[in-house]
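See below for target_23.cif, which holds mmCIF, C-alpha atoms and all ligand atoms.
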```cif
data_query
loop_
_atom_site.label_atom_id
_atom_site.label_comp_id
_atom_site.auth_asym_id
_atom_site.auth_seq_id
_atom_site.Cartn_x
_atom_site.Cartn_y
_atom_site.Cartn_z
CA MET A 1 -72.70 62.25 103.09
CA PRO A 2 -75.30 63.05 100.39
CA ASN A 3 -78.67 64.24 101.55
CA ARG A 4 -80.90 61.19 101.32
CA LYS A 5 -84.00 62.66 102.85
CA ASN A 6 -86.29 62.87 99.88
CA VAL A 7 -85.25 59.73 98.10
CA LYS A 8 -88.13 57.85 96.53
CA LEU A 9 -88.33 54.13 95.92
CA PRO A 10 -87.36 53.25 92.34
CA HIS A 11 -89.97 51.73 90.04
CA SER A 12 -88.51 48.29 90.64
CA ILE A 13 -89.22 48.21 94.40
CA HIS A 14 -92.81 47.91 95.59
CA PHE A 15 -93.91 48.08 99.18
CA ASN A 16 -97.09 46.53 100.61
CA SER A 17 -100.16 47.88 98.79
CA GLY A 18 -99.49 47.51 95.13
CA SER A 19 -96.88 44.75 95.41
CA TRP A 20 -99.14 41.96 94.20
CA GLU A 21 -100.65 44.15 91.53
CA ALA A 22 -97.16 45.05 90.32
CA LEU A 23 -96.26 41.35 90.19
CA ASN A 24 -99.41 40.37 88.31
CA THR A 25 -99.06 43.20 85.80
CA TYR A 26 -95.40 42.34 85.25
CA LEU A 27 -96.19 38.66 84.73
CA SER A 28 -99.04 39.32 82.34
CA THR A 29 -97.13 41.83 80.21
CA SER A 30 -93.60 40.39 80.04
CA GLY A 31 -94.20 37.26 77.99
CA PHE A 32 -92.03 34.94 80.10
CA SER A 33 -91.61 31.47 78.60
CA LYS A 34 -91.70 29.79 82.03
CA VAL A 35 -91.99 30.99 85.59
CA PHE A 36 -90.22 29.26 88.51
CA VAL A 37 -90.66 30.03 92.19
CA LEU A 38 -87.76 29.20 94.52
CA THR A 39 -88.68 28.46 98.13
CA ASP A 40 -86.90 26.82 101.03
CA GLU A 41 -88.55 24.19 103.23
CA ASN A 42 -89.95 26.91 105.55
CA THR A 43 -91.23 29.36 102.96
CA ASN A 44 -92.65 26.45 100.97
CA THR A 45 -94.94 25.68 103.91
CA HIS A 46 -95.64 29.15 105.29
CA CYS A 47 -95.24 31.65 102.45
CA LEU A 48 -96.06 29.81 99.24
CA PRO A 49 -99.80 29.65 100.14
CA ILE A 50 -99.84 33.47 100.53
CA PHE A 51 -98.06 33.79 97.18
CA GLN A 52 -100.51 31.40 95.51
CA ARG A 53 -103.47 33.33 96.89
CA ASN A 54 -102.22 36.60 95.45
CA CYS A 55 -100.53 35.62 92.20
CA THR A 56 -102.92 35.41 89.27
CA LEU A 57 -100.54 33.22 87.28
CA LYS A 58 -101.18 29.60 88.22
CA ASN A 59 -98.90 27.58 85.97
CA PHE A 60 -95.53 28.12 87.63
CA GLU A 61 -93.09 25.46 88.80
CA VAL A 62 -91.95 25.41 92.40
CA LEU A 63 -88.29 24.67 93.18
CA SER A 64 -87.18 24.14 96.75
CA MET A 65 -83.90 24.14 98.67
CA LYS A 66 -82.96 23.31 102.27
CA ALA A 67 -83.25 26.21 104.71
CA GLY A 68 -80.33 27.91 106.44
CA GLU A 69 -76.93 29.46 105.86
CA SER A 70 -75.20 26.06 105.69
CA HIS A 71 -77.06 25.43 102.41
CA LYS A 72 -75.96 28.68 100.79
CA THR A 73 -73.47 26.73 98.72
CA ILE A 74 -72.48 26.11 95.14
CA ASP A 75 -73.87 22.56 95.54
CA SER A 76 -77.36 23.97 96.13
CA CYS A 77 -76.86 26.08 92.98
CA VAL A 78 -75.83 23.03 90.93
CA THR A 79 -79.01 21.24 92.00
CA LEU A 80 -81.12 24.25 91.00
CA TRP A 81 -79.28 24.82 87.70
CA GLN A 82 -79.91 21.14 86.89
CA GLN A 83 -83.59 21.44 87.75
CA LEU A 84 -83.95 24.58 85.63
CA SER A 85 -82.24 22.82 82.76
CA GLU A 86 -84.37 19.66 83.04
CA LYS A 87 -87.56 21.69 83.29
CA GLY A 88 -86.74 23.60 80.10
CA ALA A 89 -85.85 27.04 81.47
CA ASP A 90 -84.58 29.39 78.77
CA ARG A 91 -83.42 33.00 78.66
CA LYS A 92 -87.00 34.27 78.67
CA SER A 93 -87.71 32.39 81.90
CA LEU A 94 -88.25 34.06 85.26
CA LEU A 95 -87.10 32.91 88.70
CA ILE A 96 -89.07 34.34 91.63
CA ASN A 97 -87.14 34.04 94.90
CA LEU A 98 -89.60 33.66 97.75
CA GLY A 99 -87.70 33.62 101.01
CA GLY A 100 -85.21 35.15 103.39
CA GLY A 101 -81.67 36.31 102.70
CA VAL A 102 -80.30 32.87 101.84
CA VAL A 103 -83.01 32.31 99.20
CA THR A 104 -82.73 35.79 97.66
CA ASP A 105 -78.88 35.73 97.67
CA LEU A 106 -78.63 32.22 96.25
CA GLY A 107 -81.63 32.47 93.92
CA GLY A 108 -80.33 35.80 92.60
CA PHE A 109 -76.99 34.13 91.84
CA VAL A 110 -78.63 31.11 90.18
CA ALA A 111 -80.69 33.43 87.98
CA ALA A 112 -77.73 35.72 87.18
CA THR A 113 -75.62 32.79 85.99
CA PHE A 114 -78.04 30.28 84.40
CA LYS A 115 -77.56 30.61 80.62
CA ARG A 116 -75.62 33.81 81.52
CA GLY A 117 -78.65 35.35 83.09
CA ILE A 118 -82.39 34.90 83.28
CA HIS A 119 -84.96 37.25 84.79
CA CYS A 120 -85.45 37.32 88.52
CA ILE A 121 -87.77 38.84 91.11
CA HIS A 122 -87.21 38.90 94.86
CA ILE A 123 -90.12 38.49 97.25
CA PRO A 124 -88.39 38.76 100.64
CA THR A 125 -90.19 37.02 103.48
CA SER A 126 -87.85 37.76 106.40
CA LEU A 127 -87.21 41.15 107.98
CA LEU A 128 -83.53 40.91 107.08
CA ALA A 129 -84.27 40.18 103.44
CA MET A 130 -86.84 43.02 103.28
CA VAL A 131 -84.57 45.75 104.64
CA ASP A 132 -81.25 44.47 103.35
CA ALA A 133 -80.61 41.31 101.31
CA SER A 134 -83.22 41.85 98.59
CA VAL A 135 -82.19 45.47 97.94
CA GLY A 136 -79.04 46.31 96.01
CA GLY A 137 -78.40 43.28 93.81
CA LYS A 138 -75.64 41.61 95.87
CA ASN A 139 -76.09 37.90 95.48
CA GLY A 140 -73.98 34.79 95.80
CA VAL A 141 -72.97 31.87 97.97
CA ASP A 142 -70.51 31.02 100.72
CA LEU A 143 -67.23 29.21 100.07
CA GLY A 144 -67.20 26.60 102.80
CA SER A 145 -68.00 28.72 105.83
CA LEU A 146 -66.54 31.91 104.31
CA LYS A 147 -69.38 34.33 103.72
CA ASN A 148 -70.50 35.43 100.24
CA GLN A 149 -67.13 34.78 98.59
CA ILE A 150 -68.67 33.84 95.24
CA GLY A 151 -71.27 35.99 93.53
CA VAL A 152 -72.08 38.89 91.27
CA ILE A 153 -73.86 42.19 91.66
CA LYS A 154 -76.96 42.14 89.48
CA GLN A 155 -80.22 43.92 90.18
CA PRO A 156 -83.43 41.86 90.12
CA ASP A 157 -86.25 42.97 87.80
CA LEU A 158 -88.49 43.69 90.80
CA VAL A 159 -88.39 43.58 94.60
CA LEU A 160 -91.81 43.11 96.18
CA VAL A 161 -91.86 43.78 99.90
CA THR A 162 -95.02 42.58 101.61
CA THR A 163 -94.80 42.82 105.38
CA GLU A 164 -97.67 40.33 105.76
CA PHE A 165 -94.97 37.64 105.46
CA LEU A 166 -93.48 38.73 108.79
CA LYS A 167 -96.35 36.97 110.56
CA THR A 168 -94.75 33.70 109.40
CA LEU A 169 -91.33 34.57 110.83
CA PRO A 170 -89.91 33.04 114.05
CA GLU A 171 -88.96 35.60 116.73
CA ASP A 172 -85.18 35.04 116.53
CA HIS A 173 -85.22 35.66 112.78
CA PHE A 174 -87.21 38.84 113.30
CA ILE A 175 -84.65 40.10 115.84
CA SER A 176 -81.85 39.16 113.44
CA GLY A 177 -83.37 41.53 110.86
CA LEU A 178 -83.49 44.34 113.42
CA ALA A 179 -79.67 44.28 113.53
CA GLU A 180 -79.47 45.53 109.94
CA MET A 181 -82.04 48.24 110.67
CA LEU A 182 -79.98 49.38 113.67
CA LYS A 183 -76.97 49.41 111.35
CA HIS A 184 -78.84 51.68 108.93
CA GLY A 185 -79.44 54.01 111.86
CA LEU A 186 -75.75 54.03 112.81
CA ILE A 187 -74.49 54.83 109.32
CA HIS A 188 -77.32 57.16 108.34
CA SER A 189 -78.67 59.39 111.09
CA GLU A 190 -79.30 59.87 114.78
CA ALA A 191 -83.01 60.30 113.98
CA TYR A 192 -83.38 56.86 112.38
CA TRP A 193 -81.15 55.26 115.03
CA GLN A 194 -83.44 56.64 117.74
CA LYS A 195 -86.57 55.42 115.95
CA VAL A 196 -85.29 51.86 115.55
CA SER A 197 -83.78 51.65 119.02
CA ASN A 198 -87.08 52.79 120.54
CA TYR A 199 -89.09 50.27 118.51
CA ASP A 200 -91.42 48.36 120.80
CA LYS A 201 -91.57 44.77 119.64
CA HIS A 202 -94.57 44.11 121.91
CA THR A 203 -96.82 46.62 120.22
CA GLY A 204 -95.13 46.47 116.80
CA ASP A 205 -96.17 50.10 116.26
CA ASP A 206 -94.68 51.86 113.23
CA LEU A 207 -92.89 48.74 112.03
CA ASP A 208 -93.94 49.20 108.40
CA THR A 209 -92.74 52.81 108.41
CA LEU A 210 -89.40 51.77 109.92
CA ILE A 211 -88.99 49.04 107.32
CA LEU A 212 -89.79 51.40 104.47
CA GLU A 213 -87.32 53.94 105.83
CA SER A 214 -84.62 51.27 106.07
CA ILE A 215 -85.22 50.25 102.47
CA LEU A 216 -84.94 53.90 101.41
CA ILE A 217 -81.66 54.32 103.28
CA LYS A 218 -80.21 51.19 101.75
CA HIS A 219 -81.48 52.04 98.28
CA SER A 220 -80.02 55.55 98.39
CA VAL A 221 -76.56 54.22 99.30
CA VAL A 222 -76.68 51.49 96.66
CA SER A 223 -77.83 53.80 93.90
CA ALA A 224 -75.00 56.24 94.68
CA ASP A 225 -72.39 53.45 94.56
CA PRO A 226 -73.81 50.21 93.11
CA ASN A 227 -70.44 48.45 92.80
CA GLU A 228 -69.17 49.23 96.30
CA GLU A 229 -66.29 51.45 95.34
CA ASN A 230 -66.66 53.74 98.33
CA LEU A 231 -69.99 54.79 99.93
CA ARG A 232 -71.56 51.32 99.69
CA LYS A 233 -68.82 50.02 102.01
CA THR A 234 -70.66 51.81 104.82
CA LEU A 235 -73.44 49.18 104.53
CA ASN A 236 -70.78 46.77 105.71
CA TYR A 237 -70.56 48.45 109.12
CA GLY A 238 -70.06 45.73 111.74
CA HIS A 239 -69.61 43.11 109.01
CA THR A 240 -65.79 42.89 109.00
CA LEU A 241 -65.67 41.19 112.39
CA GLY A 242 -69.35 40.14 112.16
CA HIS A 243 -68.79 37.97 109.09
CA ALA A 244 -65.62 36.48 110.59
CA ILE A 245 -67.54 35.61 113.77
CA GLU A 246 -70.42 34.14 111.72
CA SER A 247 -67.98 32.01 109.68
CA TYR A 248 -66.12 30.92 112.81
CA CYS A 249 -69.34 29.76 114.48
CA LEU A 250 -70.57 28.02 111.31
CA ASP A 251 -67.30 26.12 111.17
CA HIS A 252 -67.21 24.99 114.81
CA SER A 253 -69.87 22.44 115.60
CA GLU A 254 -69.43 22.92 119.36
CA ARG A 255 -70.71 26.50 118.90
CA ARG A 256 -74.26 27.47 117.98
CA ALA A 257 -74.38 28.76 114.38
CA LEU A 258 -75.34 32.43 114.75
CA LEU A 259 -77.97 34.03 112.57
CA HIS A 260 -76.48 36.73 110.33
CA GLY A 261 -77.97 39.58 112.37
CA GLU A 262 -76.73 38.07 115.63
CA ALA A 263 -73.16 38.05 114.33
CA ILE A 264 -73.48 41.57 112.89
CA ALA A 265 -74.83 42.83 116.22
CA ILE A 266 -71.60 41.70 117.89
CA GLY A 267 -69.58 43.16 115.02
CA MET A 268 -71.31 46.53 115.49
CA ILE A 269 -70.46 46.72 119.19
CA LEU A 270 -66.84 45.84 118.41
CA ALA A 271 -66.63 48.33 115.51
CA THR A 272 -68.17 51.08 117.64
CA PHE A 273 -65.68 50.44 120.45
CA ILE A 274 -62.84 50.60 117.90
CA SER A 275 -64.35 53.81 116.51
CA SER A 276 -64.32 55.31 120.01
CA VAL A 277 -60.58 54.66 120.28
CA LEU A 278 -59.48 55.54 116.74
CA LEU A 279 -61.99 58.22 115.73
CA SER A 280 -63.13 59.57 119.11
CA PHE A 281 -66.66 58.26 118.63
CA PRO A 282 -68.40 59.56 121.81
CA LYS A 283 -68.08 57.11 124.74
CA LYS A 284 -71.62 57.85 125.97
CA LYS A 285 -73.06 56.92 122.58
CA LEU A 286 -70.96 53.75 122.54
CA GLU A 287 -72.59 52.77 125.82
CA GLU A 288 -76.07 53.60 124.54
CA ILE A 289 -75.50 51.55 121.37
CA SER A 290 -74.13 48.61 123.37
CA ARG A 291 -77.15 48.74 125.70
CA VAL A 292 -79.63 48.77 122.82
CA ILE A 293 -77.88 45.90 121.06
CA PHE A 294 -77.51 43.78 124.21
CA ASN A 295 -81.18 44.32 124.85
CA TYR A 296 -81.94 42.27 121.72
CA PHE A 297 -78.86 40.09 121.40
CA PRO A 298 -77.61 38.15 124.45
CA LYS A 299 -73.87 38.09 125.05
CA GLN A 300 -71.85 35.32 123.37
CA GLU A 301 -68.63 33.99 124.88
CA PHE A 302 -65.28 34.21 123.12
CA ASN A 303 -62.02 33.03 124.66
CA ARG A 304 -58.54 34.09 123.54
CA SER A 305 -58.23 31.27 121.02
CA ASP A 306 -61.70 32.02 119.55
CA ILE A 307 -60.65 35.64 119.04
CA GLU A 308 -57.32 34.62 117.52
CA ASN A 309 -59.19 32.44 115.01
CA VAL A 310 -61.74 35.14 114.25
CA ILE A 311 -58.86 37.57 113.52
CA LYS A 312 -57.31 35.00 111.15
CA LEU A 313 -60.55 34.95 109.15
CA LEU A 314 -60.39 38.71 108.51
CA ILE A 315 -58.06 38.12 105.56
CA TYR A 316 -61.06 36.86 103.56
CA ASP A 317 -63.05 40.08 103.89
CA LYS A 318 -64.05 41.43 100.48
CA LYS A 319 -63.18 45.03 101.39
CA ASN A 320 -59.50 44.14 101.78
CA THR A 321 -56.90 45.33 99.30
CA ASN A 322 -53.20 44.50 99.06
CA GLY A 323 -53.53 42.15 102.01
CA LYS A 324 -54.78 44.96 104.28
CA VAL A 325 -57.97 44.56 106.28
CA HIS A 326 -60.22 47.58 105.92
CA PHE A 327 -62.86 48.45 108.49
CA VAL A 328 -65.75 50.91 108.25
CA LEU A 329 -65.74 53.05 111.40
CA LEU A 330 -67.80 55.94 112.75
CA GLU A 331 -66.84 59.40 113.97
CA ALA A 332 -70.41 59.89 115.11
CA ILE A 333 -73.76 58.36 114.24
CA GLY A 334 -74.28 59.11 110.53
CA SER A 335 -70.65 60.12 109.98
CA HIS A 336 -68.47 57.31 108.71
CA LYS A 337 -64.96 56.61 107.53
CA ILE A 338 -64.11 53.74 105.20
CA ASN A 339 -60.83 51.86 104.63
CA CYS A 340 -59.63 52.13 108.25
CA GLU A 341 -56.80 49.91 109.41
CA VAL A 342 -57.10 48.49 112.90
CA PRO A 343 -54.27 46.88 114.91
CA ASN A 344 -55.01 43.40 116.29
CA SER A 345 -54.34 44.62 119.83
CA LEU A 346 -57.34 46.94 119.49
CA ILE A 347 -59.52 44.06 118.29
CA TYR A 348 -58.62 42.17 121.48
CA SER A 349 -59.52 45.27 123.52
CA ALA A 350 -62.85 45.49 121.69
CA PHE A 351 -63.68 41.89 122.63
CA GLU A 352 -62.69 42.71 126.23
CA TYR A 353 -65.10 45.66 126.19
CA TYR A 354 -67.84 43.39 124.75
CA GLU A 355 -67.22 40.75 127.42
CA ASN A 356 -67.21 43.20 130.32
CA PHE A 357 -70.12 45.42 129.31
O1 LIG B 1 -75.55 45.56 100.41
C1 LIG B 1 -74.43 45.77 100.87
O2 LIG B 1 -73.54 46.36 100.26
C2 LIG B 1 -74.09 45.30 102.23
O3 LIG B 1 -72.93 45.25 102.59
C3 LIG B 1 -75.22 44.90 103.13
C4 LIG B 1 -74.87 43.84 104.14
O4 LIG B 1 -75.72 44.07 105.26
C5 LIG B 1 -75.16 42.44 103.62
O5 LIG B 1 -74.99 41.53 104.66
C6 LIG B 1 -74.29 42.04 102.46
O6 LIG B 1 -74.74 40.86 101.88
C7 LIG B 1 -72.85 41.82 102.85
O7 LIG B 1 -72.10 41.95 101.73
P1 LIG B 1 -70.64 41.39 101.60
O8 LIG B 1 -70.14 42.00 100.35
O9 LIG B 1 -69.86 41.82 102.80
O10 LIG B 1 -70.75 39.92 101.54
#
```

Rendering of file as structure tokens:
Amino acid sequence: MPNRKNVKLPHSIHFNSGSWEALNTYLSTSGFSKVFVLTDENTNTHCLPIFQRNCTLKNFEVLSMKAGESHKTIDSCVTLWQQLSEKGADRKSLLINLGGGVVTDLGGFVAATFKRGIHCIHIPTSLLAMVDASVGGKNGVDLGSLKNQIGVIKQPDLVLVTTEFLKTLPEDHFISGLAEMLKHGLIHSEAYWQKVSNYDKHTGDDLDTLILESILIKHSVVSADPNEENLRKTLNYGHTLGHAIESYCLDHSERRALLHGEAIAIGMILATFISSVLLSFPKKKLEEISRVIFNYFPKQEFNRSDIENVIKLLIYDKKNTNGKVHFVLLEAIGSHKINCEVPNSLIYSAFEYYENF
């Protein structure tokens, strides 16, 4: 793994102090023909007022979409493309995505495709969007319940991370974001894993530093491999089964739709168990990781038929080639192996481990 210790944020990512100034300077010097701000129903109420207070430009148009993963669809894009068209957006227009991962993923895709691409800025308002979704230029929508099947990789002009928005975030969404930070620990280093797993949500101490460090980890991976040819696959740790579980729950109305981080948390326990069998990932560490994750994410129930159906969904994973499902696994914390094949019998054993922990 490359040494990522002294990586600095690129000019396009701004963190806390300086974010609003960067936005205002960019807006006043770029000569955009029109500026649009995309919100969802939650960020429209809770985050737009903060944006309005800090943005010196006043004549922007607000677009809004319904909140939640079930609206991350091409239909929502069609509505937004139509609105942009009716409101006279052209190639010198800017779309500012003010929201969590659904808004930044979908808004990034709408901007990347409208008139073959207009400018776009992400202002992530959820923890998950700050540390993960807004960094790296992956954007897109789901195909039915299948996650992120349609999209492009295109970097936004700017990413402005302002942790003040976290005060507007419900607790379960905050915890969901922690899953991706824990993942950064697992793929990056024991030191960062320890820091995130010892985070005290009651005091909130050091949260900003942990967020910044997560962004740096993600940015360093993405800049080494922007198009996910090899190293970037490590950011998908826990996502092979995690995405399948998320899709399965989205598709079955009798089950609660899981937040992305909740599904990835399960996927990480399963992937770490599989790593312990196939790559001798230390058993003691597996137990520690499971304990930390269960501390935030209560156990979900899966019967044999649920697992069978989750396994069927693995064929849609975007890391697959030639019909083979490829997992990211770990030899140790911070030491990963991509393109691993895993027999179904081991996936059943992983669910058994999850159930009995
Ligand atoms: O940025 C990446 O690369 C990641 O894989 C980060 C993931 O945490 C994130 O959920 C991403 O959107 C998943 O990508 P996908 O290609 O598996 O849809």

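For the choices A:Gly31, A:Gly136, A:Gly334, A:Gly117, the atom-to-atom distance to ligand LIG 1 (chain B) is smallest for A:Gly136 when using all atoms listed in the file.
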
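Note that CA of Thr162 in chain A and CA of Gly140 in chain A are 23.2 Å apart.
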
Please, what is the axis-aligned box for every listed atom of ligand LIG 1 (chain B) with 6 Å on each side, as centre and edge lengths in Å to one decimal, as lines of an AutoDock Vina configuration file?
```
center_x = -72.8
center_y = 43.1
center_z = 102.8
size_x = 17.9
size_y = 18.4
size_z = 17.0
```

Inset, instruction - Let me have all residues with an atom within 10 Å of ligand LIG 1 (chain B), counting all atoms listed in the file, laid out as JSON, numbers by chain. - result: {"A": [101, 102, 105, 128, 129, 131, 132, 133, 134, 135, 136, 137, 138, 139, 140, 141, 142, 146, 147, 148, 149, 150, 151, 152, 153, 177, 179, 180, 181, 183, 184, 218, 219, 221, 222, 225, 226, 227, 228, 231, 232, 233, 234, 235, 236, 237, 238, 239, 240, 242, 243, 260, 261, 264, 317, 318, 319]}

Using all atoms listed in the file, the residue out of A:Glu331, A:Phe351, A:Ile315, A:Gln82 with shortest distance to Asn303 in chain A is A:Phe351

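Taking CA of Ile293 in chain A as the reference point, CA of Asn230 in chain A is found at 26.5 Å.
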
A straight line from CA of Thr79 in chain A to CA of Val110 in chain A spans 10.0 Å

**Request:** Can you pull out every residue within 8 Å of range 276-292 of chain A, counting all atoms listed in the file, but drop anything in the same chain fewer than 6 positions away, and send it as number ranges by chain?
**Result:** A: 197, 269, 329-332, 357

Residues just named, written with C-alpha atoms as a tab-separated table (two decimals), in the coordinates of the input:
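Just written: result21.tsv:
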```tsv
chain	number	residue	atom	x	y	z
A	197	SER	CA	-83.78	51.65	119.02
A	269	ILE	CA	-70.46	46.72	119.19
A	329	LEU	CA	-65.74	53.05	111.40
A	330	LEU	CA	-67.80	55.94	112.75
A	331	GLU	CA	-66.84	59.40	113.97
A	332	ALA	CA	-70.41	59.89	115.11
A	357	PHE	CA	-70.12	45.42	129.31
```
